[in-house]
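Pasting work.txt here (compact mmCIF, C-alpha atoms):
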# COMPACT_ATOMS: atom_id res chain seq x y z
CA MET E 1 -3.18 -32.92 5.17
CA LEU E 2 -1.36 -30.06 6.88
CA GLY E 3 -0.34 -28.66 3.49
CA LEU E 4 -3.94 -28.67 2.31
CA ARG E 5 -5.05 -26.90 5.45
CA LYS E 6 -2.39 -24.24 5.00
CA HIS E 7 -3.39 -23.72 1.39
CA LYS E 8 -7.02 -23.41 2.51
CA VAL E 9 -6.01 -20.73 5.03
CA LEU E 10 -4.10 -18.89 2.30
CA VAL E 11 -7.04 -18.91 -0.11
CA GLN E 12 -9.56 -17.88 2.57
CA SER E 13 -7.29 -15.07 3.79
CA ALA E 14 -6.76 -13.77 0.24
CA GLY E 15 -10.51 -13.79 -0.34
CA ILE E 16 -11.25 -11.81 2.83
CA TYR E 17 -8.48 -9.28 2.15
CA THR E 18 -9.80 -8.84 -1.41
CA LEU E 19 -13.37 -8.31 -0.16
CA ALA E 20 -12.21 -5.77 2.45
CA ASN E 21 -10.14 -3.84 -0.08
CA PHE E 22 -12.92 -3.82 -2.67
CA LEU E 23 -15.45 -2.56 -0.11
CA ASN E 24 -13.05 0.17 0.99
CA ALA E 25 -12.59 1.20 -2.64
CA ALA E 26 -16.29 0.96 -3.55
CA ILE E 27 -17.86 2.89 -0.66
CA PRO E 28 -16.11 6.24 -1.34
CA PHE E 29 -16.81 5.76 -5.06
CA LEU E 30 -20.54 5.35 -4.43
CA LEU E 31 -20.44 8.54 -2.35
CA LEU E 32 -19.18 10.69 -5.24
CA PRO E 33 -22.66 11.85 -6.41
CA PHE E 34 -23.28 13.35 -2.97
CA LEU E 35 -19.86 15.00 -2.65
CA THR E 36 -19.87 16.52 -6.13
CA ASN E 37 -23.17 18.26 -5.32
CA HIS E 38 -21.98 19.72 -2.03
CA LEU E 39 -18.30 20.53 -2.59
CA SER E 40 -16.68 22.89 -5.09
CA PRO E 41 -13.58 22.04 -7.18
CA ALA E 42 -11.59 24.26 -4.83
CA ASP E 43 -12.83 22.21 -1.86
CA TYR E 44 -11.74 19.05 -3.63
CA GLY E 45 -8.34 20.63 -4.23
CA ILE E 46 -7.79 21.29 -0.53
CA VAL E 47 -8.87 17.74 0.36
CA ALA E 48 -6.50 16.42 -2.31
CA MET E 49 -3.62 18.40 -0.78
CA PHE E 50 -4.49 16.94 2.61
CA GLN E 51 -4.15 13.46 1.07
CA VAL E 52 -0.83 14.35 -0.57
CA LEU E 53 0.58 15.74 2.70
CA MET E 54 -0.67 12.68 4.56
CA GLN E 55 0.96 10.25 2.10
CA PHE E 56 4.32 12.01 2.23
CA THR E 57 4.25 12.31 6.04
CA THR E 58 3.10 8.78 6.96
CA PRO E 59 6.43 6.99 6.14
CA PHE E 60 8.31 9.30 8.53
CA VAL E 61 5.87 8.77 11.42
CA GLY E 62 6.89 5.37 12.74
CA MET E 63 9.70 4.96 10.20
CA ASN E 64 7.93 1.91 8.68
CA SER E 65 8.31 0.03 11.97
CA THR E 66 5.13 -1.95 11.20
CA SER E 67 7.01 -3.63 8.34
CA ALA E 68 9.71 -4.59 10.84
CA ILE E 69 7.03 -6.11 13.10
CA THR E 70 5.74 -8.22 10.21
CA ARG E 71 9.20 -9.57 9.45
CA GLN E 72 10.34 -10.02 13.07
CA TYR E 73 7.26 -12.11 13.90
CA TYR E 74 8.96 -15.05 12.18
CA ASP E 75 11.94 -14.75 14.55
CA ARG E 76 9.69 -14.50 17.61
CA ASP E 77 11.24 -17.65 19.07
CA LYS E 78 14.57 -15.81 19.27
CA ILE E 79 13.40 -12.50 20.78
CA ASP E 80 10.87 -11.00 23.16
CA PHE E 81 8.37 -10.20 20.41
CA ARG E 82 5.96 -8.31 22.67
CA GLN E 83 8.81 -6.01 23.68
CA TYR E 84 9.66 -5.54 19.99
CA VAL E 85 6.07 -4.44 19.27
CA SER E 86 6.17 -2.11 22.28
CA ASP E 87 9.42 -0.54 21.05
CA SER E 88 7.89 -0.05 17.60
CA PHE E 89 5.01 1.79 19.26
CA PHE E 90 7.60 3.93 21.09
CA ILE E 91 9.25 4.79 17.75
CA THR E 92 5.86 5.84 16.37
CA MET E 93 5.18 8.21 19.28
CA VAL E 94 8.66 9.79 19.27
CA THR E 95 8.75 10.33 15.50
CA GLY E 96 5.20 11.71 15.66
CA ILE E 97 6.35 14.40 18.13
CA PHE E 98 9.43 15.17 16.01
CA ILE E 99 7.40 15.55 12.79
CA THR E 100 4.96 17.81 14.66
CA LEU E 101 7.84 20.13 15.58
CA LEU E 102 9.00 20.19 11.96
CA PHE E 103 5.49 21.09 10.78
CA VAL E 104 5.39 23.94 13.30
CA ALA E 105 8.81 25.21 12.19
CA PHE E 106 8.04 25.04 8.46
CA LYS E 107 4.29 25.64 8.43
CA SER E 108 4.46 28.76 6.26
CA PRO E 109 6.48 27.27 3.35
CA LEU E 110 4.47 24.02 3.58
CA SER E 111 1.23 25.94 3.31
CA ALA E 112 2.57 28.04 0.43
CA VAL E 113 3.66 25.00 -1.60
CA THR E 114 0.53 22.90 -1.02
CA GLN E 115 -2.09 25.66 -0.66
CA PHE E 116 -3.33 23.77 2.40
CA PRO E 117 -4.40 26.20 5.17
CA GLU E 118 -1.54 26.86 7.58
CA ASN E 119 -3.63 26.61 10.74
CA TRP E 120 -4.85 23.14 9.71
CA LEU E 121 -1.43 21.55 9.15
CA PHE E 122 -1.36 20.04 12.63
CA VAL E 123 -4.29 17.81 11.62
CA VAL E 124 -2.01 16.05 9.09
CA VAL E 125 0.36 14.86 11.83
CA ILE E 126 -2.51 13.81 14.09
CA TYR E 127 -3.97 11.77 11.25
CA CYS E 128 -0.65 10.08 10.42
CA LEU E 129 0.13 9.30 14.06
CA ALA E 130 -3.31 7.77 14.62
CA GLN E 131 -3.09 5.80 11.39
CA ASN E 132 0.28 4.28 12.34
CA ILE E 133 -1.08 3.12 15.70
CA GLY E 134 -3.85 1.32 13.83
CA LEU E 135 -1.32 -0.19 11.42
CA ILE E 136 0.53 -1.86 14.31
CA VAL E 137 -2.59 -3.86 15.20
CA LEU E 138 -3.35 -4.60 11.54
CA SER E 139 0.18 -5.96 11.01
CA LEU E 140 -0.22 -8.26 14.04
CA TRP E 141 -3.52 -9.61 12.72
CA GLN E 142 -2.01 -10.13 9.28
CA VAL E 143 0.86 -12.34 10.49
CA GLN E 144 -1.42 -14.21 12.89
CA TYR E 145 -3.81 -15.24 10.07
CA LYS E 146 -6.69 -13.08 11.34
CA PRO E 147 -8.13 -11.60 8.14
CA VAL E 148 -11.68 -11.22 9.56
CA PRO E 149 -10.83 -8.67 12.29
CA TYR E 150 -8.40 -7.09 9.81
CA GLY E 151 -11.18 -6.60 7.27
CA LEU E 152 -13.75 -5.43 9.82
CA PHE E 153 -11.25 -2.95 11.26
CA ARG E 154 -10.55 -1.39 7.86
CA ILE E 155 -14.15 -1.35 6.66
CA GLY E 156 -15.29 0.03 10.01
CA ARG E 157 -12.98 3.01 9.66
CA THR E 158 -14.22 3.68 6.12
CA ILE E 159 -17.85 3.64 7.30
CA LEU E 160 -17.03 6.00 10.18
CA ASP E 161 -15.10 8.26 7.81
CA ILE E 162 -18.06 8.52 5.44
CA SER E 163 -20.62 8.94 8.24
CA PHE E 164 -18.73 11.80 9.89
CA SER E 165 -17.91 13.50 6.58
CA VAL E 166 -21.50 13.35 5.27
CA GLY E 167 -22.91 14.49 8.61
CA LEU E 168 -20.56 17.47 8.91
CA ILE E 169 -21.20 18.56 5.32
CA LEU E 170 -24.94 17.92 5.18
CA TRP E 171 -26.12 18.89 8.67
CA VAL E 172 -23.40 21.19 10.02
CA GLY E 173 -22.80 22.99 6.73
CA MET E 174 -19.04 22.44 6.52
CA ARG E 175 -17.26 22.05 3.17
CA TRP E 176 -13.71 20.72 2.80
CA GLU E 177 -13.34 20.99 6.58
CA GLY E 178 -16.02 18.32 6.94
CA MET E 179 -14.00 15.86 4.87
CA VAL E 180 -10.74 16.52 6.73
CA ILE E 181 -12.36 16.38 10.18
CA GLY E 182 -14.39 13.31 9.23
CA GLN E 183 -11.34 11.38 8.03
CA THR E 184 -9.25 12.41 11.03
CA THR E 185 -11.96 11.64 13.59
CA ALA E 186 -12.53 8.17 12.13
CA THR E 187 -8.78 7.48 12.22
CA LEU E 188 -8.53 8.71 15.83
CA LEU E 189 -11.35 6.38 16.89
CA GLN E 190 -9.61 3.50 15.14
CA ALA E 191 -6.37 4.40 16.94
CA ALA E 192 -8.19 4.39 20.30
CA LEU E 193 -9.58 0.93 19.53
CA ALA E 194 -6.14 -0.26 18.41
CA LEU E 195 -4.63 1.05 21.65
CA PHE E 196 -7.26 -0.89 23.58
CA PHE E 197 -6.29 -4.10 21.75
CA LEU E 198 -2.58 -3.46 22.36
CA LEU E 199 -3.14 -2.88 26.09
CA LYS E 200 -5.52 -5.81 26.46
CA GLY E 201 -3.07 -8.11 24.67
CA LYS E 202 -0.19 -6.80 26.85
CA TRP E 203 1.75 -5.70 23.78
CA LEU E 204 2.95 -2.47 25.43
CA ARG E 205 5.73 -2.40 28.04
CA LYS E 206 7.04 0.36 30.30
CA GLY E 207 10.72 0.01 29.38
CA ILE E 208 12.50 0.00 26.02
CA ASN E 209 15.08 -2.25 24.40
CA LYS E 210 17.65 -0.19 22.49
CA GLU E 211 18.69 -3.14 20.35
CA TYR E 212 15.13 -3.76 19.21
CA ILE E 213 14.71 -0.07 18.39
CA LYS E 214 17.91 -0.15 16.35
CA ASP E 215 16.75 -3.28 14.55
CA ALA E 216 13.34 -1.79 13.71
CA LEU E 217 14.94 1.42 12.43
CA LYS E 218 17.55 -0.53 10.47
CA PHE E 219 14.70 -2.37 8.75
CA GLY E 220 12.26 0.51 8.33
CA VAL E 221 14.35 3.61 7.56
CA PRO E 222 15.80 2.26 4.28
CA LEU E 223 12.20 1.70 3.13
CA ILE E 224 11.39 5.43 3.23
CA PRO E 225 12.86 6.12 -0.25
CA HIS E 226 10.91 3.06 -1.43
CA VAL E 227 7.62 4.51 -0.16
CA ILE E 228 8.35 8.03 -1.43
CA GLY E 229 9.38 6.61 -4.80
CA ALA E 230 6.10 4.69 -5.00
CA ILE E 231 4.18 7.91 -4.30
CA ILE E 232 6.10 9.68 -7.07
CA ILE E 233 5.29 6.84 -9.49
CA THR E 234 1.62 7.11 -8.55
CA TYR E 235 1.27 10.87 -9.06
CA SER E 236 3.87 11.88 -11.67
CA ASP E 237 1.86 10.67 -14.68
CA ARG E 238 -1.10 12.93 -13.90
CA LEU E 239 1.17 15.91 -13.30
CA PHE E 240 2.80 15.37 -16.70
CA ILE E 241 -0.55 15.00 -18.51
CA THR E 242 -1.91 18.16 -16.88
CA ASN E 243 1.10 20.21 -17.96
CA MET E 244 1.79 18.60 -21.35
CA VAL E 245 -1.75 17.80 -22.59
CA SER E 246 -4.68 19.23 -20.60
CA ILE E 247 -6.47 19.01 -17.28
CA ALA E 248 -9.48 17.46 -19.05
CA GLU E 249 -7.31 14.63 -20.34
CA THR E 250 -6.03 14.12 -16.79
CA GLY E 251 -9.65 13.53 -15.76
CA LEU E 252 -10.11 10.90 -18.47
CA TYR E 253 -6.80 9.28 -17.56
CA SER E 254 -7.80 9.10 -13.87
CA VAL E 255 -11.02 7.27 -14.76
CA GLY E 256 -9.13 4.71 -16.88
CA TYR E 257 -6.50 4.41 -14.15
CA ASN E 258 -9.12 3.65 -11.50
CA VAL E 259 -10.66 0.89 -13.64
CA GLY E 260 -7.23 -0.63 -14.34
CA MET E 261 -6.55 -0.59 -10.59
CA ILE E 262 -8.89 -3.57 -10.24
CA VAL E 263 -5.80 -5.66 -10.93
CA TYR E 264 -3.96 -3.86 -8.13
CA LEU E 265 -6.76 -4.48 -5.63
CA VAL E 266 -6.66 -8.23 -6.33
CA GLN E 267 -2.88 -8.68 -6.35
CA ASN E 268 -2.32 -6.47 -3.29
CA SER E 269 -4.99 -8.35 -1.33
CA PHE E 270 -3.43 -11.67 -2.28
CA ASN E 271 0.01 -10.43 -1.25
CA GLN E 272 -1.29 -9.54 2.22
CA ALA E 273 -2.39 -13.16 2.68
CA TRP E 274 0.67 -14.60 0.92
CA VAL E 275 3.43 -12.92 2.97
CA PRO E 276 2.80 -14.68 6.34
CA TRP E 277 2.47 -18.09 4.63
CA PHE E 278 5.53 -17.41 2.46
CA TYR E 279 7.77 -16.33 5.36
CA GLU E 280 6.71 -19.38 7.34
CA LYS E 281 7.73 -21.70 4.49
CA LEU E 282 11.10 -19.97 3.97
CA LYS E 283 11.83 -20.28 7.66
CA GLY E 284 11.33 -24.05 7.42
CA ASP E 285 14.04 -24.15 4.72
CA ARG E 286 12.72 -27.34 3.07
CA HIS E 287 13.42 -27.92 -0.60
CA SER E 288 9.94 -29.38 -1.15
CA ASP E 289 8.36 -26.17 0.17
CA LYS E 290 10.62 -24.06 -2.03
CA LEU E 291 9.68 -26.12 -5.07
CA ASN E 292 5.98 -25.66 -4.26
CA ILE E 293 6.52 -21.89 -3.88
CA VAL E 294 8.12 -21.73 -7.33
CA LYS E 295 5.30 -23.74 -8.91
CA PHE E 296 2.72 -21.53 -7.25
CA THR E 297 4.58 -18.40 -8.36
CA TYR E 298 4.43 -19.48 -12.01
CA LEU E 299 0.71 -20.24 -11.65
CA TYR E 300 0.25 -16.83 -10.09
CA TYR E 301 1.98 -15.19 -13.07
CA LEU E 302 -0.49 -16.97 -15.35
CA ALA E 303 -3.37 -15.83 -13.16
CA MET E 304 -2.15 -12.22 -13.39
CA GLY E 305 -2.13 -12.48 -17.18
CA LEU E 306 -5.67 -13.87 -17.19
CA LEU E 307 -6.86 -11.14 -14.80
CA VAL E 308 -5.43 -8.42 -17.04
CA ALA E 309 -7.21 -10.04 -20.01
CA VAL E 310 -10.55 -10.24 -18.15
CA VAL E 311 -10.37 -6.60 -17.04
CA THR E 312 -9.45 -5.48 -20.56
CA LEU E 313 -12.17 -7.51 -22.27
CA GLY E 314 -14.78 -6.37 -19.74
CA THR E 315 -13.87 -2.70 -20.05
CA PRO E 316 -16.09 -1.84 -23.08
CA TRP E 317 -19.18 -3.28 -21.37
CA PHE E 318 -18.39 -1.50 -18.11
CA PHE E 319 -17.83 1.86 -19.77
CA THR E 320 -20.92 1.77 -22.00
CA THR E 321 -23.14 0.51 -19.17
CA PHE E 322 -22.04 2.66 -16.21
CA LEU E 323 -20.04 5.66 -17.41
CA GLY E 324 -21.20 8.75 -19.24
CA GLN E 325 -20.56 9.40 -22.92
CA ASN E 326 -17.97 12.06 -22.10
CA PHE E 327 -15.75 9.45 -20.44
CA GLN E 328 -15.69 6.79 -23.15
CA ASN E 329 -12.23 7.85 -24.38
CA ALA E 330 -10.81 6.85 -21.01
CA MET E 331 -11.19 3.26 -22.14
CA GLN E 332 -7.88 3.39 -24.04
CA TYR E 333 -5.88 3.66 -20.81
CA VAL E 334 -7.27 0.62 -19.00
CA PHE E 335 -5.22 -2.11 -20.71
CA TRP E 336 -1.86 -0.44 -20.09
CA ILE E 337 -2.65 0.41 -16.47
CA ALA E 338 -3.98 -3.11 -15.81
CA LEU E 339 -0.87 -4.58 -17.46
CA GLY E 340 1.37 -2.38 -15.33
CA PHE E 341 -0.32 -3.51 -12.13
CA GLY E 342 -0.06 -7.11 -13.37
CA PHE E 343 3.72 -6.70 -13.55
CA ASN E 344 3.61 -4.98 -10.15
CA GLY E 345 1.85 -8.05 -8.72
CA MET E 346 4.56 -10.30 -10.18
CA TYR E 347 7.20 -8.00 -8.67
CA LYS E 348 5.69 -8.48 -5.21
CA MET E 349 6.15 -12.24 -5.49
CA VAL E 350 9.93 -11.86 -5.88
CA VAL E 351 10.59 -8.75 -3.77
CA ASN E 352 9.35 -10.65 -0.70
CA TYR E 353 12.62 -12.63 -0.69
CA ILE E 354 14.52 -9.38 -0.18
CA PHE E 355 12.13 -8.34 2.60
CA TYR E 356 12.71 -11.72 4.25
CA LEU E 357 16.49 -11.21 4.12
CA LYS E 358 15.99 -7.73 5.64
CA LYS E 359 17.95 -6.11 2.79
CA THR E 360 15.43 -3.29 2.51
CA TYR E 361 18.00 -0.81 1.18
CA ILE E 362 17.97 -2.76 -2.10
CA ILE E 363 14.21 -2.33 -2.36
CA SER E 364 14.52 1.41 -1.80
CA ILE E 365 17.24 1.75 -4.45
CA MET E 366 15.11 -0.13 -6.98
CA THR E 367 12.00 1.95 -6.23
CA VAL E 368 13.93 5.20 -6.62
CA VAL E 369 15.46 3.97 -9.89
CA THR E 370 11.98 2.93 -11.11
CA ALA E 371 10.60 6.35 -10.14
CA VAL E 372 13.34 8.08 -12.17
CA ILE E 373 12.71 5.77 -15.15
CA ASN E 374 8.99 6.44 -14.86
CA ILE E 375 9.50 10.21 -14.87
CA LEU E 376 11.77 10.07 -17.94
CA LEU E 377 9.45 7.70 -19.81
CA ASN E 378 6.44 9.88 -18.98
CA TYR E 379 8.08 12.93 -20.47
CA PHE E 380 9.32 11.31 -23.68
CA PHE E 381 6.33 8.99 -24.23
CA ILE E 382 3.74 11.76 -23.70
CA ARG E 383 5.74 14.07 -25.91
CA SER E 384 5.69 11.55 -28.78
CA MET E 385 2.37 9.70 -28.21
CA GLY E 386 0.18 11.99 -26.17
CA ALA E 387 -1.52 11.03 -22.91
CA ILE E 388 -1.54 7.30 -23.76
CA GLY E 389 2.24 7.51 -23.32
CA ALA E 390 1.74 7.95 -19.57
CA ALA E 391 -0.13 4.64 -19.33
CA LYS E 392 2.54 2.90 -21.41
CA ALA E 393 5.26 4.43 -19.23
CA THR E 394 3.57 2.94 -16.17
CA ALA E 395 3.49 -0.55 -17.73
CA VAL E 396 7.11 -0.41 -18.94
CA SER E 397 8.39 0.93 -15.59
CA PHE E 398 6.70 -1.82 -13.59
CA PHE E 399 7.96 -4.47 -16.04
CA ILE E 400 11.57 -3.29 -15.71
CA GLU E 401 11.27 -3.23 -11.91
CA PHE E 402 9.83 -6.76 -11.88
CA VAL E 403 12.56 -8.27 -14.08
CA VAL E 404 15.48 -6.56 -12.31
CA VAL E 405 14.21 -7.43 -8.81
CA TRP E 406 13.62 -11.05 -9.88
CA ILE E 407 17.25 -11.28 -11.02
CA ILE E 408 18.52 -9.69 -7.79
CA SER E 409 16.36 -11.81 -5.47
CA SER E 410 17.32 -15.03 -7.30
CA ARG E 411 20.97 -14.28 -6.57
CA LEU E 412 20.40 -13.32 -2.95
CA TYR E 413 18.12 -16.27 -2.10
CA LYS E 414 18.52 -19.52 -4.03
CA MET E 415 15.26 -21.03 -5.23
CA PRO E 416 14.63 -23.90 -7.70
CA TRP E 417 13.39 -21.56 -10.45
CA LEU E 418 14.22 -24.21 -13.07
CA MET E 419 12.02 -26.67 -11.12
CA GLN E 420 15.00 -28.89 -10.29
CA LYS E 421 14.49 -31.45 -7.52
CA ALA E 422 16.75 -31.90 -4.50
CA LYS E 423 19.79 -34.09 -5.01

Please lay out the structure from this file as structure tokens.
Amino acid sequence: MLGLRKHKVLVQSAGIYTLANFLNAAIPFLLLPFLTNHLSPADYGIVAMFQVLMQFTTPFVGMNSTSAITRQYYDRDKIDFRQYVSDSFFITMVTGIFITLLFVAFKSPLSAVTQFPENWLFVVVIYCLAQNIGLIVLSLWQVQYKPVPYGLFRIGRTILDISFSVGLILWVGMRWEGMVIGQTTATLLQAALALFFLLKGKWLRKGINKEYIKDALKFGVPLIPHVIGAIIITYSDRLFITNMVSIAETGLYSVGYNVGMIVYLVQNSFNQAWVPWFYEKLKGDRHSDKLNIVKFTYLYYLAMGLLVAVVTLGTPWFFTTFLGQNFQNAMQYVFWIALGFGFNGMYKMVVNYIFYLKKTYIISIMTVVTAVINILLNYFFIRSMGAIGAAKATAVSFFIEFVVVWIISSRLYKMPWLMQKAK
């Protein structure tokens, strides 16, 4: 009966995470008609650079300590977990100050490389610092099986973001500044609410524990190359297409990429619900649980294959019904992108063993290797096949990463992959 209840919690959590992620993805998409009539391409470029700076800065603010919180929760009977969370918050604040000083010292070259206004660079650090404070609360809700407040928290920020951005652009007359201020203000309000929850729950302490700080850094710092590598994988294909084919083809590719990302939204949402349940079962160290995990993993692989098929088969209807005639050629990219994210979903099922063992340096090495493979494949595939080569490079890269990590994780953590029963 307990097993059924746990499975029910898993399914319900996955459903709520999926709904929250889809709403977060859909709301900005529905806003595009408004933004494209009030912002110029140059405005969009500055906003895009803000996003790029934010993505590259976020891993260094907090040093991925929220991932350490998620893992350490399952050893909470051995440590003072509230103190661990408090020390992770301390890491976030200290690294935020340090990154701010770096931005001040290198503001001119940063602005020159990104074309983001020099006097606005400080906003990037404020945004990243506020976002990491919110992530601490979100990670606590995730491991505590609280998907409803998790979803409301995320959707609430998106609604605030859109409300502020539209208001500043429409009624105040701002352009790209309205988007940047709107996003940052919404994130600051979320951080204030997160701080309230942390204080109310007595998660913050006055003192620090040096051992906990070392542990969090030991877990989180090796993940930085992993995060940066993932960002490179995400953006390199479009850079290659722009320089080797055309900017117009990059636009088509982006549309196909966004449709194929439906697979990513589903598998990433499921993984958020899966990780707490999965860690809990591994901690129990029962062969019956391990056997059930393996069976479920194989079913999940089948589900990923079916999801890729559904997205691919539904693509022609979606394109002809909702997208303009000028974007119909983007249809060719959807299958390969969906397939790539299918392999990425399978990868997440096996990489979690390495996270559980706290061997995060292995994950970073694999992500960097995958990023290098992706860059090489992009160049040679696009050169020989055109822009479709970028989509194929994505699928092949994710497949290689999935297979190699499965082999590594199976050696590091023994599981009954051949479905053998306990002796």

Per residue of region 344-420 of chain E within 9 Å of region 231-240 of chain E, what are the shortest atom pair and its distance in Å to one decimal, counting all atoms listed in the file, with rows by chain and residue number, as CSV?
residue,atom,partner,partner_atom,distance
E:Thr367,CA,E:Ile233,CA,8.9
E:Thr370,CA,E:Ile233,CA,7.9
E:Ala371,CA,E:Ile233,CA,5.4
E:Val372,CA,E:Ile233,CA,8.6
E:Asn374,CA,E:Ile233,CA,6.5
E:Ile375,CA,E:Ser236,CA,6.7
E:Asn378,CA,E:Asp237,CA,6.3
E:Tyr379,CA,E:Phe240,CA,6.9
E:Ile382,CA,E:Phe240,CA,7.9
E:Ala387,CA,E:Phe240,CA,8.7
E:Ala390,CA,E:Asp237,CA,5.6
E:Ala391,CA,E:Asp237,CA,7.9
E:Ala393,CA,E:Asp237,CA,8.4
E:Thr394,CA,E:Ile233,CA,7.9

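As for CA of Val350 (chain E) and CA of Leu306 (chain E), they are spaced 19.4 Å apart.
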
Q.
At a cut-off of 8 Å, using all atoms listed in the file, what residues contact Ala338 (chain E)? Leave out same-chain residues fewer than 5 positions from it and give the result as a PyMOL selection string.
A. chain E and resi 260-264+308+311-312

Could you give me, as JSON lines, every region 278-397 of chain E residue with an atom at most 10 Å from region 209-221 of chain E, plus its closest atom pair and distance in Å to one decimal, counting only C-alpha atoms, rows ordered by chain then number?
{"residue": "E:Phe355", "atom": "CA", "partner": "E:Phe219", "partner_atom": "CA", "distance": 8.9}
{"residue": "E:Lys358", "atom": "CA", "partner": "E:Phe219", "partner_atom": "CA", "distance": 6.3}
{"residue": "E:Lys359", "atom": "CA", "partner": "E:Phe219", "partner_atom": "CA", "distance": 7.8}
{"residue": "E:Thr360", "atom": "CA", "partner": "E:Phe219", "partner_atom": "CA", "distance": 6.3}
{"residue": "E:Tyr361", "atom": "CA", "partner": "E:Phe219", "partner_atom": "CA", "distance": 8.4}
{"residue": "E:Ser364", "atom": "CA", "partner": "E:Val221", "partner_atom": "CA", "distance": 9.6}

Q | Interatomic distance, CA of Val47 (chain E) to CA of Ser108 (chain E) (Å, one decimal) | A | 18.3 Å

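Protein, DNA and RNA residues at most 9 Å from (-18.5, 9.9, 5.5), with only C-alpha atoms, are these: E:Pro28, E:Leu31, E:Thr158, E:Ile159, E:Leu160, E:Asp161, E:Ile162, E:Ser163, E:Phe164, E:Ser165, E:Val166, E:Gly167, E:Leu168, E:Gly178, E:Met179, E:Gly182, E:Gln183.
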
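Closest approach to Met93 (chain E) among E:Leu412, E:Val124, E:Leu129, E:Met349 is made by E:Leu129 (distances from only C-alpha atoms).
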
Q. Can you tell me, as number ranges by chain, what residues are no more than 12 Å from region 141-143 of chain E when counting only C-alpha atoms, ignoring any on the same chain fewer than 3 positions away?
A. E: 10, 13-14, 16-17, 66-74, 76, 134-138, 146-154, 194, 197-198, 269-280

Could you write out the selected residues, including C-alpha atoms, as a PDB file, in the frame of the given file?
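What landed in again_20.pdb:
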ATOM      1  CA  LEU E  10      -4.100 -18.890   2.300  1.00  0.00           C
ATOM      2  CA  SER E  13      -7.290 -15.070   3.790  1.00  0.00           C
ATOM      3  CA  ALA E  14      -6.760 -13.770   0.240  1.00  0.00           C
ATOM      4  CA  ILE E  16     -11.250 -11.810   2.830  1.00  0.00           C
ATOM      5  CA  TYR E  17      -8.480  -9.280   2.150  1.00  0.00           C
ATOM      6  CA  THR E  66       5.130  -1.950  11.200  1.00  0.00           C
ATOM      7  CA  SER E  67       7.010  -3.630   8.340  1.00  0.00           C
ATOM      8  CA  ALA E  68       9.710  -4.590  10.840  1.00  0.00           C
ATOM      9  CA  ILE E  69       7.030  -6.110  13.100  1.00  0.00           C
ATOM     10  CA  THR E  70       5.740  -8.220  10.210  1.00  0.00           C
ATOM     11  CA  ARG E  71       9.200  -9.570   9.450  1.00  0.00           C
ATOM     12  CA  GLN E  72      10.340 -10.020  13.070  1.00  0.00           C
ATOM     13  CA  TYR E  73       7.260 -12.110  13.900  1.00  0.00           C
ATOM     14  CA  TYR E  74       8.960 -15.050  12.180  1.00  0.00           C
ATOM     15  CA  ARG E  76       9.690 -14.500  17.610  1.00  0.00           C
ATOM     16  CA  GLY E 134      -3.850   1.320  13.830  1.00  0.00           C
ATOM     17  CA  LEU E 135      -1.320  -0.190  11.420  1.00  0.00           C
ATOM     18  CA  ILE E 136       0.530  -1.860  14.310  1.00  0.00           C
ATOM     19  CA  VAL E 137      -2.590  -3.860  15.200  1.00  0.00           C
ATOM     20  CA  LEU E 138      -3.350  -4.600  11.540  1.00  0.00           C
ATOM     21  CA  LYS E 146      -6.690 -13.080  11.340  1.00  0.00           C
ATOM     22  CA  PRO E 147      -8.130 -11.600   8.140  1.00  0.00           C
ATOM     23  CA  VAL E 148     -11.680 -11.220   9.560  1.00  0.00           C
ATOM     24  CA  PRO E 149     -10.830  -8.670  12.290  1.00  0.00           C
ATOM     25  CA  TYR E 150      -8.400  -7.090   9.810  1.00  0.00           C
ATOM     26  CA  GLY E 151     -11.180  -6.600   7.270  1.00  0.00           C
ATOM     27  CA  LEU E 152     -13.750  -5.430   9.820  1.00  0.00           C
ATOM     28  CA  PHE E 153     -11.250  -2.950  11.260  1.00  0.00           C
ATOM     29  CA  ARG E 154     -10.550  -1.390   7.860  1.00  0.00           C
ATOM     30  CA  ALA E 194      -6.140  -0.260  18.410  1.00  0.00           C
ATOM     31  CA  PHE E 197      -6.290  -4.100  21.750  1.00  0.00           C
ATOM     32  CA  LEU E 198      -2.580  -3.460  22.360  1.00  0.00           C
ATOM     33  CA  SER E 269      -4.990  -8.350  -1.330  1.00  0.00           C
ATOM     34  CA  PHE E 270      -3.430 -11.670  -2.280  1.00  0.00           C
ATOM     35  CA  ASN E 271       0.010 -10.430  -1.250  1.00  0.00           C
ATOM     36  CA  GLN E 272      -1.290  -9.540   2.220  1.00  0.00           C
ATOM     37  CA  ALA E 273      -2.390 -13.160   2.680  1.00  0.00           C
ATOM     38  CA  TRP E 274       0.670 -14.600   0.920  1.00  0.00           C
ATOM     39  CA  VAL E 275       3.430 -12.920   2.970  1.00  0.00           C
ATOM     40  CA  PRO E 276       2.800 -14.680   6.340  1.00  0.00           C
ATOM     41  CA  TRP E 277       2.470 -18.090   4.630  1.00  0.00           C
ATOM     42  CA  PHE E 278       5.530 -17.410   2.460  1.00  0.00           C
ATOM     43  CA  TYR E 279       7.770 -16.330   5.360  1.00  0.00           C
ATOM     44  CA  GLU E 280       6.710 -19.380   7.340  1.00  0.00           C
TER      45      GLU E 280
END

Q) How many Å separate CA of Thr95 (chain E) from CA of Phe60 (chain E)? A) 7.1 Å

Can you pull out every residue within 9 Å of Tyr300 (chain E), counting all atoms listed in the file, but drop anything in the same chain fewer than 5 positions away, and send it as a PDB file with C-alpha atoms, keeping the file's coordinate frame?
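Produced file result_10.pdb, reproduced below:
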ATOM      1  CA  LYS E 295       5.300 -23.740  -8.910  1.00  0.00           C
ATOM      2  CA  GLY E 305      -2.130 -12.480 -17.180  1.00  0.00           C
ATOM      3  CA  MET E 346       4.560 -10.300 -10.180  1.00  0.00           C
ATOM      4  CA  MET E 349       6.150 -12.240  -5.490  1.00  0.00           C
TER       5      MET E 349
END
